[in-house]
Every structure is written in C-alpha cells, then in structure tokens.
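**Student:** Following this line is run-v2.cif, made up of mmCIF, C-alpha atoms:
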data_entry
loop_
_atom_site.group_PDB
_atom_site.id
_atom_site.type_symbol
_atom_site.label_atom_id
_atom_site.label_comp_id
_atom_site.auth_asym_id
_atom_site.auth_seq_id
_atom_site.Cartn_x
_atom_site.Cartn_y
_atom_site.Cartn_z
ATOM 1 C CA MET A 1 -26.386 -25.997 5.100
ATOM 2 C CA ASN A 2 -26.307 -22.425 6.362
ATOM 3 C CA ARG A 3 -23.958 -19.710 5.247
ATOM 4 C CA LEU A 4 -21.362 -20.025 7.993
ATOM 5 C CA SER A 5 -20.913 -23.763 7.666
ATOM 6 C CA ARG A 6 -20.727 -23.438 3.886
ATOM 7 C CA GLU A 7 -17.967 -20.873 4.254
ATOM 8 C CA ALA A 8 -16.205 -23.040 6.817
ATOM 9 C CA SER A 9 -16.238 -26.058 4.519
ATOM 10 C CA VAL A 10 -14.849 -24.047 1.577
ATOM 11 C CA ARG A 11 -12.196 -22.597 3.884
ATOM 12 C CA ARG A 12 -11.171 -26.105 4.901
ATOM 13 C CA MET A 13 -10.948 -26.992 1.218
ATOM 14 C CA LEU A 14 -8.621 -24.044 0.624
ATOM 15 C CA GLU A 15 -6.395 -24.732 3.599
ATOM 16 C CA GLY A 16 -4.836 -27.890 2.250
ATOM 17 C CA ALA A 17 -1.154 -28.690 2.340
ATOM 18 C CA PRO A 18 0.800 -25.493 1.637
ATOM 19 C CA PRO A 19 3.159 -25.543 -1.361
ATOM 20 C CA PRO A 20 6.869 -25.778 -0.523
ATOM 21 C CA VAL A 21 8.633 -22.412 -0.553
ATOM 22 C CA PRO A 22 11.492 -22.374 -3.101
ATOM 23 C CA PRO A 23 14.828 -21.633 -1.420
ATOM 24 C CA GLY A 24 15.743 -18.762 -3.753
ATOM 25 C CA LEU A 25 12.562 -16.762 -3.167
ATOM 26 C CA HIS A 26 14.089 -14.163 -0.882
ATOM 27 C CA ALA A 27 17.223 -13.657 -2.976
ATOM 28 C CA ASP A 28 15.216 -13.401 -6.175
ATOM 29 C CA ALA A 29 12.761 -10.913 -4.695
ATOM 30 C CA THR A 30 15.593 -8.813 -3.267
ATOM 31 C CA ARG A 31 17.421 -8.785 -6.589
ATOM 32 C CA ARG A 32 14.357 -7.714 -8.529
ATOM 33 C CA GLY A 33 13.354 -5.214 -5.863
ATOM 34 C CA ALA A 34 16.805 -3.635 -5.862
ATOM 35 C CA ARG A 35 16.639 -3.356 -9.634
ATOM 36 C CA MET A 36 13.226 -1.708 -9.369
ATOM 37 C CA LEU A 37 14.632 0.777 -6.844
ATOM 38 C CA ARG A 38 17.631 1.519 -9.053
ATOM 39 C CA ARG A 39 15.422 2.120 -12.065
ATOM 40 C CA ARG A 40 13.146 4.359 -10.063
ATOM 41 C CA THR A 41 16.110 6.401 -8.832
ATOM 42 C CA LEU A 42 17.433 6.724 -12.383
ATOM 43 C CA ALA A 43 14.042 7.790 -13.704
ATOM 44 C CA ARG A 44 13.715 10.395 -10.961
ATOM 45 C CA ARG A 45 17.182 11.713 -11.671
ATOM 46 C CA ALA A 46 16.445 11.920 -15.400
ATOM 47 C CA MET A 47 13.225 13.796 -14.692
ATOM 48 C CA TRP A 48 14.998 16.357 -12.517
ATOM 49 C CA LEU A 49 17.706 16.775 -15.149
ATOM 50 C CA LEU A 50 15.096 17.345 -17.832
ATOM 51 C CA LEU A 51 13.322 19.893 -15.639
ATOM 52 C CA LEU A 52 16.603 21.681 -14.965
ATOM 53 C CA ALA A 53 17.498 21.749 -18.657
ATOM 54 C CA ALA A 54 14.073 23.112 -19.554
ATOM 55 C CA THR A 55 14.374 25.853 -16.924
ATOM 56 C CA VAL A 56 17.838 26.858 -18.116
ATOM 57 C CA ALA A 57 16.691 26.929 -21.725
ATOM 58 C CA PHE A 58 13.721 29.087 -20.841
ATOM 59 C CA VAL A 59 15.823 31.577 -18.867
ATOM 60 C CA VAL A 60 18.376 31.854 -21.673
ATOM 61 C CA TRP A 61 15.652 32.414 -24.233
ATOM 62 C CA ALA A 62 13.930 35.011 -22.035
ATOM 63 C CA VAL A 63 17.129 36.944 -21.447
ATOM 64 C CA THR A 64 18.054 37.018 -25.119
ATOM 65 C CA ALA A 65 14.601 37.574 -26.627
ATOM 66 C CA ARG A 66 13.295 39.909 -23.867
ATOM 67 C CA PRO A 67 9.612 39.255 -24.607
ATOM 68 C CA TRP A 68 8.501 41.838 -22.005
ATOM 69 C CA VAL A 69 10.074 44.771 -23.907
ATOM 70 C CA GLU A 70 7.605 46.543 -26.195
ATOM 71 C CA PRO A 71 8.670 45.853 -29.782
ATOM 72 C CA PRO A 72 9.457 48.884 -31.955
ATOM 73 C CA SER A 73 6.433 50.083 -33.863
ATOM 74 C CA GLU A 74 6.226 48.915 -37.449
ATOM 75 C CA THR A 75 2.900 50.426 -38.523
ATOM 76 C CA THR A 76 3.796 54.147 -38.580
ATOM 77 C CA PRO A 77 5.631 55.108 -41.793
ATOM 78 C CA PRO A 78 8.917 56.833 -41.223
ATOM 79 C CA LEU A 79 8.778 60.614 -41.330
ATOM 80 C CA THR A 80 10.922 61.693 -44.218
ATOM 81 C CA GLY A 81 11.216 64.789 -46.387
ATOM 82 C CA TRP A 82 9.665 67.674 -44.412
ATOM 83 C CA MET B 1 26.593 9.756 3.311
ATOM 84 C CA HIS B 2 27.797 6.500 1.853
ATOM 85 C CA PRO B 3 28.193 4.580 5.162
ATOM 86 C CA ARG B 4 24.705 5.641 6.277
ATOM 87 C CA ARG B 5 23.206 4.369 3.055
ATOM 88 C CA THR B 6 24.873 0.971 3.327
ATOM 89 C CA SER B 7 23.724 0.583 6.940
ATOM 90 C CA ASP B 8 20.179 1.439 5.809
ATOM 91 C CA ASP B 9 20.510 -1.147 3.065
ATOM 92 C CA THR B 10 21.620 -3.915 5.389
ATOM 93 C CA ALA B 11 18.862 -3.087 7.880
ATOM 94 C CA ARG B 12 16.303 -3.201 5.116
ATOM 95 C CA THR B 13 17.709 -6.451 3.754
ATOM 96 C CA ARG B 14 17.575 -8.054 7.191
ATOM 97 C CA GLU B 15 14.027 -6.888 7.902
ATOM 98 C CA PHE B 16 12.912 -7.975 4.485
ATOM 99 C CA GLU B 17 14.501 -11.386 4.862
ATOM 100 C CA ALA B 18 12.645 -11.911 8.149
ATOM 101 C CA TYR B 19 9.431 -10.791 6.501
ATOM 102 C CA VAL B 20 9.832 -13.182 3.554
ATOM 103 C CA ALA B 21 10.687 -16.050 5.898
ATOM 104 C CA GLY B 22 7.495 -15.358 7.839
ATOM 105 C CA ALA B 23 5.011 -14.548 5.110
ATOM 106 C CA GLY B 24 6.458 -16.284 2.043
ATOM 107 C CA GLY B 25 4.726 -19.610 2.599
ATOM 108 C CA ARG B 26 1.306 -18.099 3.078
ATOM 109 C CA LEU B 27 1.695 -15.777 0.098
ATOM 110 C CA LEU B 28 2.808 -18.650 -2.090
ATOM 111 C CA HIS B 29 -0.185 -20.705 -0.974
ATOM 112 C CA THR B 30 -2.501 -17.814 -1.830
ATOM 113 C CA ALA B 31 -0.888 -17.385 -5.226
ATOM 114 C CA THR B 32 -1.079 -21.106 -5.947
ATOM 115 C CA LEU B 33 -4.791 -21.082 -5.100
ATOM 116 C CA LEU B 34 -5.246 -18.111 -7.435
ATOM 117 C CA THR B 35 -3.429 -19.655 -10.367
ATOM 118 C CA ALA B 36 -5.033 -23.070 -9.665
ATOM 119 C CA GLU B 37 -1.731 -24.865 -10.104
ATOM 120 C CA ALA B 38 -0.549 -28.034 -8.429
ATOM 121 C CA ARG B 39 1.302 -27.420 -5.167
ATOM 122 C CA ASN B 40 4.533 -28.930 -6.482
ATOM 123 C CA ASP B 41 4.378 -27.387 -9.939
ATOM 124 C CA ASN B 42 3.483 -23.721 -9.603
ATOM 125 C CA PRO B 43 5.766 -21.570 -11.761
ATOM 126 C CA ARG B 44 3.142 -18.873 -12.299
ATOM 127 C CA ALA B 45 2.418 -18.577 -8.585
ATOM 128 C CA ARG B 46 6.127 -18.372 -7.775
ATOM 129 C CA HIS B 47 6.613 -15.690 -10.384
ATOM 130 C CA LEU B 48 3.682 -13.677 -9.044
ATOM 131 C CA VAL B 49 4.913 -13.917 -5.465
ATOM 132 C CA THR B 50 8.460 -12.983 -6.449
ATOM 133 C CA LEU B 51 7.297 -9.896 -8.308
ATOM 134 C CA ALA B 52 4.930 -8.831 -5.524
ATOM 135 C CA LEU B 53 7.683 -9.285 -2.927
ATOM 136 C CA ALA B 54 10.130 -7.367 -5.091
ATOM 137 C CA HIS B 55 7.659 -4.514 -5.269
ATOM 138 C CA THR B 56 7.316 -4.544 -1.486
ATOM 139 C CA TYR B 57 11.115 -4.511 -1.179
ATOM 140 C CA ALA B 58 11.304 -1.470 -3.438
ATOM 141 C CA CYS B 59 8.653 0.335 -1.348
ATOM 142 C CA TRP B 60 10.028 -0.868 2.015
ATOM 143 C CA ASP B 61 11.273 2.537 3.170
ATOM 144 C CA ARG B 62 8.021 4.249 2.255
ATOM 145 C CA LEU B 63 5.669 1.906 4.098
ATOM 146 C CA HIS B 64 5.756 4.096 7.256
ATOM 147 C CA GLY B 65 4.294 1.552 9.629
ATOM 148 C CA GLU B 66 1.836 0.140 7.115
ATOM 149 C CA ASP B 67 1.609 -3.648 7.204
ATOM 150 C CA PRO B 68 3.965 -5.029 4.526
ATOM 151 C CA TYR B 69 1.750 -8.095 4.206
ATOM 152 C CA ASP B 70 -1.198 -5.919 3.139
ATOM 153 C CA HIS B 71 1.051 -4.215 0.629
ATOM 154 C CA THR B 72 2.277 -7.477 -0.885
ATOM 155 C CA ARG B 73 -1.204 -8.973 -0.962
ATOM 156 C CA GLN B 74 -2.589 -5.918 -2.708
ATOM 157 C CA ASP B 75 0.162 -6.060 -5.307
ATOM 158 C CA LEU B 76 -0.301 -9.805 -5.759
ATOM 159 C CA ALA B 77 -4.038 -9.401 -6.340
ATOM 160 C CA ALA B 78 -3.528 -6.547 -8.787
ATOM 161 C CA ARG B 79 -0.853 -8.428 -10.706
ATOM 162 C CA TYR B 80 -2.982 -11.548 -10.871
ATOM 163 C CA ALA B 81 -6.028 -9.575 -12.046
ATOM 164 C CA ARG B 82 -3.983 -7.886 -14.786
ATOM 165 C CA GLY B 83 -2.323 -11.114 -15.902
ATOM 166 C CA ALA B 84 -5.507 -13.194 -15.848
ATOM 167 C CA TRP B 85 -7.125 -10.770 -18.241
ATOM 168 C CA HIS B 86 -4.482 -11.516 -20.873
ATOM 169 C CA ARG B 87 -4.320 -15.210 -20.239
ATOM 170 C CA HIS B 88 -8.006 -16.006 -20.016
ATOM 171 C CA GLY B 89 -9.030 -17.944 -23.098
ATOM 172 C CA GLY B 90 -5.703 -17.469 -24.847
ATOM 173 C CA LEU B 91 -3.416 -20.067 -26.316
ATOM 174 C CA LEU B 92 -1.544 -20.303 -23.036
ATOM 175 C CA ARG B 93 -4.621 -21.668 -21.332
ATOM 176 C CA SER B 94 -4.269 -25.050 -22.919
ATOM 177 C CA ARG B 95 -0.693 -25.304 -21.728
ATOM 178 C CA SER B 96 -1.513 -25.153 -18.037
ATOM 179 C CA ARG B 97 -4.720 -26.957 -17.156
ATOM 180 C CA PRO B 98 -6.118 -25.598 -13.908
ATOM 181 C CA THR B 99 -5.978 -28.083 -11.068
ATOM 182 C CA GLY B 100 -6.685 -27.866 -7.361
ATOM 183 C CA PRO B 101 -9.936 -27.151 -5.543
ATOM 184 C CA LEU B 102 -10.712 -23.951 -7.483
ATOM 185 C CA ALA B 103 -10.175 -25.282 -10.999
ATOM 186 C CA ALA B 104 -13.831 -24.859 -11.959
ATOM 187 C CA LEU B 105 -13.883 -21.119 -11.238
ATOM 188 C CA THR B 106 -13.038 -18.152 -13.438
ATOM 189 C CA PRO B 107 -9.956 -16.124 -12.425
ATOM 190 C CA GLN B 108 -12.084 -13.340 -10.951
ATOM 191 C CA GLU B 109 -14.213 -15.730 -8.916
ATOM 192 C CA ARG B 110 -11.044 -17.375 -7.647
ATOM 193 C CA LEU B 111 -9.589 -14.004 -6.683
ATOM 194 C CA VAL B 112 -12.651 -12.962 -4.688
ATOM 195 C CA LEU B 113 -13.070 -16.351 -3.033
ATOM 196 C CA VAL B 114 -9.434 -16.652 -1.988
ATOM 197 C CA ILE B 115 -9.206 -13.114 -0.642
ATOM 198 C CA ARG B 116 -12.477 -13.386 1.277
ATOM 199 C CA LEU B 117 -12.080 -16.888 2.689
ATOM 200 C CA TYR B 118 -8.401 -17.819 2.697
ATOM 201 C CA GLU B 119 -7.101 -14.341 3.482
ATOM 202 C CA GLY B 120 -10.086 -13.511 5.696
ATOM 203 C CA VAL B 121 -10.669 -10.013 4.306
ATOM 204 C CA ASP B 122 -14.267 -8.806 4.730
ATOM 205 C CA GLY B 123 -16.510 -7.803 1.829
ATOM 206 C CA ASP B 124 -16.010 -4.041 1.983
ATOM 207 C CA ARG B 125 -12.234 -4.248 2.169
ATOM 208 C CA THR B 126 -12.172 -6.838 -0.619
ATOM 209 C CA ALA B 127 -14.147 -4.449 -2.812
ATOM 210 C CA ALA B 128 -11.724 -1.640 -2.007
ATOM 211 C CA LEU B 129 -8.725 -3.880 -2.632
ATOM 212 C CA LEU B 130 -10.017 -5.033 -6.029
ATOM 213 C CA GLY B 131 -11.519 -1.698 -7.044
ATOM 214 C CA LEU B 132 -14.993 -3.186 -7.581
ATOM 215 C CA PRO B 133 -18.397 -2.194 -6.196
ATOM 216 C CA VAL B 134 -19.433 -4.010 -3.006
ATOM 217 C CA GLU B 135 -22.524 -5.562 -4.617
ATOM 218 C CA ARG B 136 -20.453 -6.902 -7.487
ATOM 219 C CA VAL B 137 -18.005 -8.546 -5.080
ATOM 220 C CA ARG B 138 -20.921 -10.087 -3.176
ATOM 221 C CA THR B 139 -22.427 -11.449 -6.385
ATOM 222 C CA ILE B 140 -19.128 -12.932 -7.553
ATOM 223 C CA PHE B 141 -18.518 -14.419 -4.121
ATOM 224 C CA ASN B 142 -21.940 -16.080 -3.977
ATOM 225 C CA ARG B 143 -21.547 -17.459 -7.490
ATOM 226 C CA ALA B 144 -18.099 -18.812 -6.647
ATOM 227 C CA MET B 145 -19.407 -20.459 -3.465
ATOM 228 C CA ALA B 146 -22.242 -22.067 -5.407
ATOM 229 C CA THR B 147 -19.839 -23.388 -8.057
ATOM 230 C CA VAL B 148 -17.343 -24.751 -5.552
ATOM 231 C CA LEU B 149 -19.969 -26.479 -3.431
ATOM 232 C CA SER B 150 -22.090 -27.814 -6.272
ATOM 233 C CA PRO B 151 -21.653 -31.508 -7.139
ATOM 234 C CA ALA B 152 -21.415 -30.569 -10.823
ATOM 235 C CA ARG B 153 -17.668 -30.148 -10.510
ATOM 236 C CA ARG B 154 -17.237 -33.869 -9.976
ATOM 237 C CA PRO B 155 -16.609 -34.715 -13.691
ATOM 238 C CA ALA B 156 -13.123 -33.199 -13.599
ATOM 239 C CA PRO B 157 -11.595 -35.794 -11.217
ATOM 240 C CA ALA B 158 -13.650 -38.536 -12.915
ATOM 241 C CA VAL B 159 -12.032 -37.771 -16.274
ATOM 242 C CA SER B 160 -8.543 -38.031 -14.859
ATOM 243 C CA GLY B 161 -9.538 -41.284 -13.162
ATOM 244 C CA VAL B 162 -10.678 -42.795 -16.463
ATOM 245 C CA LYS B 163 -7.480 -41.709 -18.131
ATOM 246 C CA ALA B 164 -5.429 -43.285 -15.380
ATOM 247 C CA VAL B 165 -7.012 -46.704 -15.746
ATOM 248 C CA PRO B 166 -5.606 -47.778 -19.169
ATOM 249 C CA SER B 167 -2.123 -46.535 -18.383
#
Any chance you could put this one into structure tokens?
**Tutor:**
Amino acid sequence: MNRLSREASVRRMLEGAPPPVPPGLHADATRRGARMLRRRTLARRAMWLLLLAATVAFVVWAVTARPWVEPPSETTPPLTGW
Amino acid sequence: MHPRRTSDDTARTREFEAYVAGAGGRLLHTATLLTAEARNDNPRARHLVTLALAHTYACWDRLHGEDPYDHTRQDLAARYARGAWHRHGGLLRSRSRPTGPLAALTPQERLVLVIRLYEGVDGDRTAALLGLPVERVRTIFNRAMATVLSPARRPAPAVSGVKAVPS
C-alpha cells in the first residue's frame, strides 16, 4: 500500500458520521465571547487608569521634591566667628 | 456613539451566527476526533468548540479579513494541546475511555493526524500551527499512521465484544 492510498484510507476512517451539533452552541459561544470581550475592556481600562495614576503621582512628586535642583551643600562647615 | 456600537454589535452577532451555522459541525467533528469521544456523547469536544468559538467571537473585529475558521482551528488545537497535557495519565483518564477510530493514539498523535488528514493542512503549516519543528511533526504523523493502520489495534473492539456477550 503506497503513501497516498494509506492516507486516503485513514481519511475515510476519519470522515465518518459527523456528531450532531447541539442547538445552544451559538448562544453559548456568543455569551462566553461577550464576557471575554467585557473582561478585556475592563482590564484595558484598569491598565490605563493605573498608568494615569502613576504619571500623576510622579509629576506631583517631581514638583514637590524638585530633584533637578542642586541640594544645598552640607560638607562645608559654616563660617562663624571671624 | 451608543447607537453606532449597538449596530456594530448586531452586525457582528449576525455574521458570527452565520459563521457558526456553517462551520460548527465541522469544528465539532474535528474536536470529537481529537478527544476520541463517541459522536453522541462528547462533552469535552463541545466544551472545546464552545471556548474556541467564544475566543473567535471576542476577536471578531480584529480579524481584518483573516479567515475566522483558521483562527478557531488554531485556538482549538492550542486549547486541546494544553488540556491534553494535564489530562494525560491523570485520574480523569479512567473516567472517559477513548473510543472512535483514533482511540489507540496519544493526544499529540491524534492532533497531528487530524489536522493533517481531516483538516487537510500540509506539513509545514501544521508545524507552524502547533509550534513544533517540521521533522518532529513528520515523525509523529508517520507513527500515528502506522498505529492507526496496524492490525494490532484490533483487541479494543474484541474486548467490548466479549463483554457484550454475557449481558
């Protein structure tokens, strides 16, 4: 038996009577798919919110702490008594 | 904005319903071959198909002309491969005895055989779909063909025949 006829016989074996499609398949898939979409939208929204909050927090910290301003020197002793 | 969204939703629902009506039977047949369940008692296959279709529904607007059937099939294969890994050899195995023409194969052999022969996907695309090297897919396919066509798988029906006689 050559390769093609072997494959053809296995293919015939696979193509038996198809199983009956349950009537609620479409409704079930739609329901689950809509839930997936809703969850995805919520997750995206939460991610954007988190990003926004992080940005706001960073800006507030930067404005109050001013890390770019050179801090006052603390190594030189104060000049007193001359 | 709200009316536009609802019209999009109904269009998607209608398209998706037509798609499920057209492809549902074939997908369910594929899944039943994969899970090696009887054609009238295939809860695992139904579950797999429902989840794969739900995933396609969720991605419907982002398909951009891609064939939804390819998308569902890819998801079905990936889900089956993930699930079979947990189930293989576990306690659940005894609960559902594999039946059907592919009962003698391992889950991976079944997956490759069904995708190559029943779905008619060629070797290279099967390898890409399953994320395996081409040689590996060829090896698994040849082994599966040898197992399916060998007469050694005859004992399985013989056992059920013996059991049926006393009852």
**Student:** Let me know the residues the PyMOL selection byres ((chain B) within 6 of (chain A)) catches in the file above, as a list in words.
**Tutor:**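 When the PyMOL selection byres ((chain B) within 6 of (chain A)) is applied, the selected residues are Gly25, His29, Arg39, Thr50, Leu53, Ala54, His55, Tyr57, Ala58 and Leu117 of chain B.
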**Student:** Report the distance between CA of Val134 (chain B) and CA of Gly120 (chain B) in Å, rounded to one decimal place.
**Tutor:**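 These atoms are spaced 15.9 Å apart.
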**Student:** I'd like the interatomic distance between CA of Val148 (chain B) and CA of Ala104 (chain B), to a tenth of an Å.
**Tutor:**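 Between CA of Val148 (chain B) and CA of Ala104 (chain B) the gap is 7.3 Å.
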**Student:** Using all atoms listed in the file, can you tell me which of A:Pro78, A:Val63, A:Ala57, A:Pro23 comes closest to Val20 (chain B)?
**Tutor:**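 Result for the nearest residue to Val20 (chain B): A:Pro23.
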**Student:** Kindly give the distance, in Å, that separates CA of Thr30 (chain B) and CA of Gly83 (chain B), rounded to a single decimal.
**Tutor:**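 Going from CA of Thr30 (chain B) over to CA of Gly83 (chain B), I get 15.6 Å.
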**Student:** Pull out every residue that the PyMOL selection byres ((chain B and resi 42) around 12) matches in the shown coordinates and put them as number ranges by chain.
**Tutor:** A: 18-22; B: 28-41, 43-49, 96-100
**Student:** Identify the residues around (-12.4, -5.9, -3.3) within a radius of 10 Å, measuring from all atoms listed in the file in the coordinates stated by the file, and give them as a ChimeraX atom specification.
**Tutor:** /B:74,77,111-112,115-116,121-134,136-138
**Student:** Calculate, to one decimal in Å, the centre and edge lengths of the box along x, y and z of the file that holds all listed atoms of region 58-72 of chain A with 6 Å of margin on each side, and present them as JSON.
**Tutor:**
{"center_x": 13.0, "center_y": 39.0, "center_z": -25.4, "size_x": 22.8, "size_y": 31.8, "size_z": 25.1}
**Student:** Tell me which of B:Ala18, B:Phe141, B:Leu27, B:Pro107 sits closest to Leu76 (chain B), counting all atoms listed in the file.
**Tutor:** B:Leu27
**Student:** I need the residue nearest Arg82 (chain B) from this list: B:Thr6, B:Glu119, B:Cys59, B:Gln108. Use only C-alpha atoms for the distance.
**Tutor:**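 Closest residue, counting only C-alpha atoms: B:Gln108.
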**Student:** Go through B:Leu63, B:Arg143, B:Arg12, B:Arg73 one by one, measure the shortest atom-to-atom distance of each to Tyr118 (chain B) using all atoms listed in the file, and give the residue with the smallest value.
**Tutor:**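 Under the stated criterion, the closest residue is B:Arg73.
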**Student:** Just need region 36-112 of chain B in a file, please: C-alpha atoms, as a short mmCIF file (atom, residue, chain, number, x, y, z; two decimals), in the first residue's frame.
**Tutor:**
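For reference, selection-v5.cif as written:
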data_model
loop_
_atom_site.label_atom_id
_atom_site.label_comp_id
_atom_site.auth_asym_id
_atom_site.auth_seq_id
_atom_site.Cartn_x
_atom_site.Cartn_y
_atom_site.Cartn_z
CA ALA B 36 -11.71 10.43 20.90
CA GLU B 37 -15.22 10.57 22.29
CA ALA B 38 -18.34 8.91 20.95
CA ARG B 39 -20.26 11.06 18.48
CA ASN B 40 -23.34 11.21 20.69
CA ASP B 41 -21.52 11.69 23.98
CA ASN B 42 -18.84 14.33 23.52
CA PRO B 43 -18.93 16.84 26.38
CA ARG B 44 -15.21 17.60 26.16
CA ALA B 45 -15.37 18.25 22.42
CA ARG B 46 -18.39 20.51 22.85
CA HIS B 47 -16.65 22.44 25.58
CA LEU B 48 -13.52 22.87 23.46
CA VAL B 49 -15.50 24.06 20.45
CA THR B 50 -17.55 26.47 22.55
CA LEU B 51 -14.45 28.03 24.06
CA ALA B 52 -12.66 28.27 20.71
CA LEU B 53 -15.73 29.87 19.11
CA ALA B 54 -16.07 32.27 22.02
CA HIS B 55 -12.47 33.31 21.51
CA THR B 56 -13.14 33.90 17.82
CA TYR B 57 -16.20 35.97 18.74
CA ALA B 58 -14.11 38.11 21.06
CA CYS B 59 -11.50 38.67 18.31
CA TRP B 60 -14.08 39.09 15.51
CA ASP B 61 -13.45 42.80 14.95
CA ARG B 62 -9.69 42.34 14.85
CA LEU B 63 -9.58 39.56 12.26
CA HIS B 64 -9.19 42.08 9.39
CA GLY B 65 -10.03 39.71 6.57
CA GLU B 66 -8.26 36.74 8.11
CA ASP B 67 -10.22 33.50 7.81
CA PRO B 68 -12.21 33.02 11.04
CA TYR B 69 -12.09 29.26 10.51
CA ASP B 70 -8.28 29.31 10.67
CA HIS B 71 -8.50 31.36 13.83
CA THR B 72 -10.92 28.98 15.53
CA ARG B 73 -8.98 25.92 14.43
CA GLN B 74 -5.75 27.36 15.77
CA ASP B 75 -7.38 28.13 19.10
CA LEU B 76 -9.00 24.69 19.23
CA ALA B 77 -5.67 22.96 18.61
CA ALA B 78 -3.88 25.08 21.20
CA ARG B 79 -6.59 24.51 23.80
CA TYR B 80 -6.60 20.79 23.15
CA ALA B 81 -2.80 20.59 23.37
CA ARG B 82 -2.81 22.48 26.69
CA GLY B 83 -5.66 20.43 28.14
CA ALA B 84 -4.31 17.07 27.00
CA TRP B 85 -1.09 17.73 28.84
CA HIS B 86 -2.97 17.94 32.15
CA ARG B 87 -5.31 15.09 31.45
CA HIS B 88 -2.89 12.57 30.04
CA GLY B 89 -2.41 9.78 32.55
CA GLY B 90 -4.36 11.54 35.29
CA LEU B 91 -7.27 10.27 37.30
CA LEU B 92 -9.68 11.73 34.78
CA ARG B 93 -8.42 9.36 32.13
CA SER B 94 -10.20 6.41 33.62
CA ARG B 95 -13.47 8.31 33.61
CA SER B 96 -13.63 8.78 29.86
CA ARG B 97 -12.31 5.80 27.94
CA PRO B 98 -11.23 6.88 24.47
CA THR B 99 -13.42 5.49 21.72
CA GLY B 100 -13.64 6.08 18.00
CA PRO B 101 -11.10 5.36 15.27
CA LEU B 102 -8.23 7.20 16.99
CA ALA B 103 -8.54 5.64 20.44
CA ALA B 104 -5.18 3.89 20.20
CA LEU B 105 -3.22 7.12 19.65
CA THR B 106 -1.70 9.55 22.12
CA PRO B 107 -3.26 13.05 22.22
CA GLN B 108 -0.37 14.55 20.26
CA GLU B 109 -0.51 11.90 17.56
CA ARG B 110 -4.25 12.44 17.30
CA LEU B 111 -3.75 16.19 16.98
CA VAL B 112 -1.23 15.88 14.16
#
